[in-house]
>>> print(open('coords-v8.txt').read())   # compact mmCIF, C-alpha atoms
# COMPACT_ATOMS: atom_id res chain seq x y z
CA MET A 25 0.40 -6.98 17.01
CA SER A 26 -0.73 -3.42 16.66
CA SER A 27 0.86 -0.32 15.26
CA THR A 28 1.10 2.58 17.72
CA PHE A 29 2.37 5.02 15.13
CA THR A 30 0.16 7.96 14.16
CA ALA A 31 -0.78 9.20 10.70
CA GLU A 32 1.14 12.40 11.44
CA GLN A 33 4.29 10.45 12.27
CA ILE A 34 3.95 8.38 9.11
CA ALA A 35 3.50 11.47 6.94
CA ALA A 36 6.57 13.12 8.49
CA TRP A 37 8.65 9.99 8.03
CA ASN A 38 7.69 9.71 4.38
CA GLN A 39 8.77 13.27 3.78
CA GLU A 40 12.05 12.68 5.63
CA LEU A 41 12.86 9.35 3.96
CA ARG A 42 12.10 10.43 0.40
CA GLY A 43 15.67 11.70 0.06
CA LYS A 44 17.34 8.70 1.72
CA THR A 45 18.97 5.71 0.02
CA PRO A 46 17.32 2.28 0.28
CA LEU A 47 20.03 1.13 2.71
CA GLU A 48 19.56 4.21 4.88
CA ILE A 49 15.80 3.56 4.94
CA THR A 50 16.35 -0.08 5.86
CA ARG A 51 18.74 0.80 8.70
CA TRP A 52 16.28 3.43 9.90
CA SER A 53 13.56 0.75 9.93
CA ILE A 54 15.62 -1.58 12.11
CA ALA A 55 16.48 1.25 14.49
CA LEU A 56 12.81 2.25 14.75
CA ALA A 57 11.87 -1.32 15.65
CA LYS A 58 14.43 -1.36 18.46
CA GLU A 59 13.42 2.09 19.71
CA SER A 60 9.81 0.96 19.96
CA ASP A 61 10.78 -2.22 21.86
CA GLY A 62 9.69 -4.31 18.92
CA ASN A 63 11.26 -6.30 16.12
CA ALA A 64 11.54 -6.18 12.36
CA ILE A 65 11.07 -8.80 9.69
CA VAL A 66 11.38 -8.79 5.91
CA SER A 67 8.98 -10.74 3.69
CA THR A 68 9.77 -12.27 0.34
CA ASN A 69 8.30 -14.44 -2.39
CA PHE A 70 11.57 -14.69 -4.37
CA ARG A 71 10.07 -12.97 -7.39
CA PRO A 72 12.28 -10.91 -9.75
CA TYR A 73 14.44 -8.32 -7.94
CA GLU A 74 13.65 -9.71 -4.47
CA ALA A 75 17.36 -10.22 -3.83
CA VAL A 76 17.67 -6.43 -3.60
CA VAL A 77 15.51 -5.99 -0.49
CA LEU A 78 16.88 -9.19 1.05
CA HIS A 79 20.43 -7.92 0.60
CA LEU A 80 19.46 -4.58 2.15
CA ALA A 81 17.78 -6.25 5.12
CA ALA A 82 20.68 -8.64 5.71
CA GLN A 83 23.11 -5.72 5.73
CA ALA A 84 21.04 -3.84 8.28
CA GLN A 85 20.46 -6.88 10.52
CA ALA A 86 22.21 -10.11 9.65
CA ASP A 87 19.74 -12.35 11.52
CA ILE A 88 16.53 -10.57 10.54
CA PRO A 89 13.70 -13.11 10.14
CA VAL A 90 12.71 -13.60 6.49
CA LEU A 91 9.06 -14.58 6.15
CA TRP A 92 8.34 -16.69 3.07
CA VAL A 93 5.05 -18.35 2.26
CA ASP A 94 5.83 -21.43 0.18
CA HIS A 95 2.40 -22.17 -1.25
CA GLY A 96 3.78 -25.15 -3.17
CA TYR A 97 3.05 -23.84 -6.66
CA ASN A 98 6.41 -22.21 -7.36
CA ARG A 99 8.24 -23.24 -10.49
CA PRO A 100 11.52 -25.19 -10.14
CA ALA A 101 13.59 -22.13 -11.08
CA THR A 102 12.08 -20.15 -8.22
CA TYR A 103 12.84 -22.86 -5.66
CA LYS A 104 16.43 -23.05 -6.93
CA HIS A 105 16.69 -19.27 -6.77
CA ALA A 106 15.37 -19.27 -3.20
CA GLU A 107 18.01 -21.78 -2.13
CA GLU A 108 20.75 -19.82 -3.89
CA VAL A 109 19.82 -16.52 -2.28
CA LYS A 110 19.35 -18.16 1.13
CA VAL A 111 22.90 -19.52 1.05
CA LEU A 112 24.45 -16.43 -0.52
CA LEU A 113 22.99 -13.99 2.02
CA HIS A 114 22.88 -16.40 5.00
CA LEU A 115 19.19 -15.70 5.38
CA ASN A 116 17.31 -16.50 8.56
CA LEU A 117 14.51 -17.95 6.45
CA LYS A 118 11.17 -18.68 8.12
CA ALA A 119 9.05 -20.68 5.68
CA TYR A 120 5.32 -21.03 6.26
CA LEU A 121 3.24 -23.57 4.35
CA PRO A 122 -0.52 -23.83 3.82
CA LYS A 123 -2.44 -26.28 6.00
CA ILE A 124 -3.39 -28.18 2.86
CA THR A 125 -1.01 -29.49 0.18
CA PRO A 126 -1.29 -28.33 -3.44
CA ALA A 127 -2.20 -31.86 -4.53
CA HIS A 128 -5.01 -32.02 -1.96
CA ARG A 129 -6.37 -28.59 -2.93
CA ASP A 130 -6.27 -29.39 -6.63
CA ALA A 131 -8.08 -32.69 -6.09
CA ILE A 132 -10.89 -30.97 -4.18
CA ASP A 133 -11.17 -27.59 -5.92
CA GLY A 134 -9.72 -28.32 -9.34
CA PRO A 135 -7.14 -26.34 -11.32
CA ILE A 136 -5.86 -22.93 -10.25
CA PRO A 137 -8.58 -20.36 -11.06
CA THR A 138 -8.22 -18.29 -14.21
CA PRO A 139 -7.88 -14.47 -14.20
CA GLU A 140 -11.61 -14.19 -15.01
CA ASP A 141 -12.60 -16.04 -11.83
CA GLU A 142 -12.11 -13.31 -9.25
CA GLU A 143 -13.92 -15.10 -6.41
CA GLY A 144 -12.04 -18.32 -7.13
CA LEU A 145 -8.73 -16.47 -7.06
CA LYS A 146 -9.57 -14.83 -3.75
CA LYS A 147 -10.48 -18.21 -2.24
CA PHE A 148 -7.25 -19.73 -3.58
CA SER A 149 -5.18 -16.84 -2.26
CA ALA A 150 -6.80 -16.97 1.18
CA LEU A 151 -6.21 -20.70 1.56
CA MET A 152 -2.75 -21.08 0.04
CA LYS A 153 -1.11 -17.72 0.70
CA LEU A 154 -2.91 -15.38 3.09
CA GLU A 155 -3.62 -17.85 5.91
CA PRO A 156 0.00 -19.06 6.19
CA PHE A 157 1.22 -15.46 5.92
CA GLN A 158 -1.10 -14.37 8.70
CA ARG A 159 0.10 -17.30 10.80
CA GLY A 160 3.70 -16.25 10.20
CA MET A 161 2.99 -12.65 11.11
CA ARG A 162 1.20 -13.76 14.26
CA GLU A 163 4.12 -15.96 15.37
CA LEU A 164 6.91 -13.54 14.41
CA ALA A 165 4.85 -10.55 15.67
CA PRO A 166 6.82 -7.79 13.94
CA THR A 167 6.50 -4.12 14.81
CA ILE A 168 8.15 -3.29 11.49
CA TRP A 169 7.45 -5.20 8.26
CA ILE A 170 9.99 -4.54 5.51
CA THR A 171 8.71 -5.26 2.01
CA ALA A 172 9.86 -5.03 -1.61
CA LEU A 173 6.77 -3.08 -2.69
CA ARG A 174 7.42 -0.59 -5.49
CA LYS A 175 5.26 2.17 -6.91
CA VAL A 176 5.64 0.91 -10.48
CA GLN A 177 4.26 -2.58 -9.76
CA ASN A 178 0.52 -1.92 -9.99
CA PRO A 179 -2.06 0.87 -9.52
CA ASN A 180 -2.94 -0.13 -5.94
CA ARG A 181 0.68 0.13 -4.83
CA ALA A 182 1.13 3.48 -6.53
CA GLU A 183 -1.19 4.92 -3.87
CA LEU A 184 1.11 3.81 -1.03
CA ASP A 185 4.44 5.28 0.09
CA ILE A 186 7.72 4.23 1.71
CA VAL A 187 6.01 4.00 5.11
CA SER A 188 2.40 2.95 5.53
CA ALA A 189 0.22 1.52 8.27
CA ASP A 190 -0.90 -2.02 7.54
CA ALA A 191 -4.44 -2.75 8.66
CA ASN A 192 -4.33 -6.43 7.68
CA PHE A 193 -1.47 -7.54 9.91
CA GLY A 194 -1.04 -4.67 12.39
CA SER A 195 2.55 -3.73 11.55
CA LEU A 196 4.19 -0.61 10.19
CA LYS A 197 5.02 -1.47 6.58
CA ILE A 198 8.23 -0.02 5.19
CA SER A 199 9.30 -0.33 1.56
CA PRO A 200 12.91 0.87 1.10
CA VAL A 201 12.84 0.39 -2.70
CA PHE A 202 9.40 1.95 -3.21
CA TYR A 203 10.58 4.61 -5.67
CA LEU A 204 13.17 2.53 -7.54
CA SER A 205 12.70 1.73 -11.22
CA ASP A 206 13.39 -1.64 -12.83
CA GLU A 207 16.62 -0.18 -14.20
CA GLU A 208 17.76 0.90 -10.74
CA MET A 209 16.90 -2.51 -9.30
CA GLU A 210 18.86 -4.18 -12.08
CA SER A 211 21.85 -1.91 -11.41
CA TYR A 212 21.75 -2.84 -7.73
CA LEU A 213 21.81 -6.53 -8.56
CA THR A 214 24.75 -6.03 -10.92
CA GLU A 215 26.69 -3.88 -8.46
CA HIS A 216 26.36 -6.44 -5.66
CA LYS A 217 26.63 -9.52 -7.89
CA LEU A 218 23.21 -10.79 -6.87
CA PRO A 219 21.13 -13.32 -8.85
CA ASN A 220 17.72 -12.67 -10.37
CA GLU A 221 14.93 -15.03 -11.39
CA TRP A 222 12.52 -14.45 -14.26
CA ASP A 223 10.50 -17.67 -14.29
CA TYR A 224 8.49 -16.61 -11.23
CA TYR A 225 4.71 -16.99 -11.34
CA ASP A 226 2.23 -16.23 -8.56
CA PRO A 227 -0.94 -18.32 -9.02
CA ALA A 228 -2.71 -16.24 -6.39
CA LYS A 229 -2.47 -13.18 -8.63
CA ALA A 230 -2.85 -14.65 -12.13
CA ASP A 231 -2.08 -11.19 -13.49
CA GLU A 232 0.80 -8.86 -12.54
CA LYS A 233 -1.58 -5.93 -12.09
CA ARG A 234 -3.81 -7.82 -9.66
CA GLU A 235 -3.32 -7.93 -5.87
CA CYS A 236 -3.07 -11.31 -4.14
CA GLY A 237 -4.46 -9.80 -0.94
CA LEU A 238 -1.38 -9.22 1.21
CA HIS A 239 -1.46 -5.51 0.48
CA ALA A 240 -5.19 -5.10 -0.20
CA VAL A 241 -8.00 -4.33 2.25
CA TRP A 242 -9.83 -7.62 1.65
CA GLY A 243 -6.77 -9.73 2.48
CA GLY A 244 -6.97 -9.58 6.26
CA THR A 245 -10.58 -10.74 6.38
CA ALA A 246 -9.95 -13.47 3.83
CA ALA A 247 -6.95 -14.76 5.77
CA SER A 248 -8.93 -14.99 9.01
CA ALA A 249 -11.79 -16.78 7.26
CA ALA A 250 -9.39 -19.39 5.86
CA ALA A 251 -7.74 -20.08 9.21
>>> encode(input="coords-v8.txt", output="structure tokens")
Amino acid sequence: MSSTFTAEQIAAWNQELRGKTPLEITRWSIALAKESDGNAIVSTNFRPYEAVVLHLAAQAQADIPVLWVDHGYNRPATYKHAEEVKVLLHLNLKAYLPKITPAHRDAIDGPIPTPEDEEGLKKFSALMKLEPFQRGMRELAPTIWITALRKVQNPNRAELDIVSADANFGSLKISPVFYLSDEEMESYLTEHKLPNEWDYYDPAKADEKRECGLHAVWGGTAASAAA
């Protein structure tokens, strides 16, 4: 996988797409993948509001591969939500699991690291989340990676835009809902009668303002080291 798109193209696209609706951006993403003789995927972790981007992607391409890393630490409500959304939207779900089970990891390394243990969290994330995600990206080999990233989520993401080059996994990353607020996401769910899930917890982040590595510079190296 490697992105052949230039910084100038990306800048022009961001300017052009700023006035488009999320569905228009998603359809544009699918078309760009086809024009470049590539393919598109959408990733998810079934956190709150994820049904929005999954609904958008399914409308644009019904059989679009949906990459989900099931690290094994999700709460029951999140697994139930994942099954509900999968059935509701007829998702072409591609689940990738770590090479080690949660029980095995916990027995060897102990409890999930606390927010104060930055190195421990990075090791946990690399082993349980980044490595299986990298494996999924390698096998699915997308030209276009559609995500649910939003500017309001944390400071690191505020520096991105609708379209950005992804150095970690070599795809063009497109975030159709990048500029949407929580209120707009909630309205979308209501309008399309989509479920939400508030019991979600990501042990690889430990804090909502922290990056797990998928969208941070260190993530690609950490994923390769854990392979």
>>> atom_distance(input="coords-v8.txt", atom1="atom CA of A:Gly194", atom2="atom CA of A:Pro166")
8.6 Å
>>> closest_residue(input="coords-v8.txt", among="A:Glu155, A:Leu56, A:His114, A:Ile186", to="A:Ala86", atoms="all atoms listed in the file")
A:His114
>>> closest_atom_pairs(input="coords-v8.txt", of="stretch 123-166 of chain A", to="stretch 63-84 of chain A", cutoff="10 Å", atoms="all atoms listed in the file", output="Markdown table")
| residue | atom | partner | partner_atom | distance |
| --- | --- | --- | --- | --- |
| A:Phe157 | CA | A:Ser67 | CA | 9.4 |
| A:Met161 | CA | A:Ile65 | CA | 9.1 |
| A:Leu164 | CA | A:Ile65 | CA | 7.9 |
| A:Ala165 | CA | A:Asn63 | CA | 7.7 |
| A:Pro166 | CA | A:Asn63 | CA | 5.2 |
>>> closest_residue(input="coords-v8.txt", among="A:Thr125, A:Glu107, A:Ile170, A:Lys153", to="A:Ser188", atoms="all atoms listed in the file")
A:Ile170
>>> closest_atom_pairs(input="coords-v8.txt", of="stretch 148-189 of chain A", to="stretch 30-51 of chain A", cutoff="12 Å", atoms="only C-alpha atoms", output="tab-separated table")
residue	atom	partner	partner_atom	distance
A:Ile168	CA	A:Thr50	CA	10.5
A:Trp169	CA	A:Thr50	CA	10.5
A:Ile170	CA	A:Thr50	CA	7.8
A:Thr171	CA	A:Thr50	CA	10.0
A:Ala172	CA	A:Pro46	CA	10.6
A:Arg174	CA	A:Pro46	CA	11.8
A:Leu184	CA	A:Asn38	CA	10.4
A:Asp185	CA	A:Asn38	CA	7.0
A:Ile186	CA	A:Asn38	CA	6.1
A:Val187	CA	A:Asn38	CA	6.0
A:Ser188	CA	A:Ile34	CA	6.7
A:Ala189	CA	A:Ile34	CA	7.9
>>> write_last_selection(input="coords-v8.txt", atoms="C-alpha atoms", output="mmCIF file, keeping the file's coordinate frame")
data_model
loop_
_atom_site.group_PDB
_atom_site.id
_atom_site.type_symbol
_atom_site.label_atom_id
_atom_site.label_comp_id
_atom_site.auth_asym_id
_atom_site.auth_seq_id
_atom_site.Cartn_x
_atom_site.Cartn_y
_atom_site.Cartn_z
ATOM 1 C CA ILE A 168 8.150 -3.290 11.490
ATOM 2 C CA TRP A 169 7.450 -5.200 8.260
ATOM 3 C CA ILE A 170 9.990 -4.540 5.510
ATOM 4 C CA THR A 171 8.710 -5.260 2.010
ATOM 5 C CA ALA A 172 9.860 -5.030 -1.610
ATOM 6 C CA ARG A 174 7.420 -0.590 -5.490
ATOM 7 C CA LEU A 184 1.110 3.810 -1.030
ATOM 8 C CA ASP A 185 4.440 5.280 0.090
ATOM 9 C CA ILE A 186 7.720 4.230 1.710
ATOM 10 C CA VAL A 187 6.010 4.000 5.110
ATOM 11 C CA SER A 188 2.400 2.950 5.530
ATOM 12 C CA ALA A 189 0.220 1.520 8.270
#
>>> atom_distance(input="coords-v8.txt", atom1="atom CA of A:Tyr224", atom2="atom CA of A:Ala131")
23.7 Å
>>> atom_distance(input="coords-v8.txt", atom1="atom CA of A:Ala57", atom2="atom CA of A:Lys197")
11.4 Å
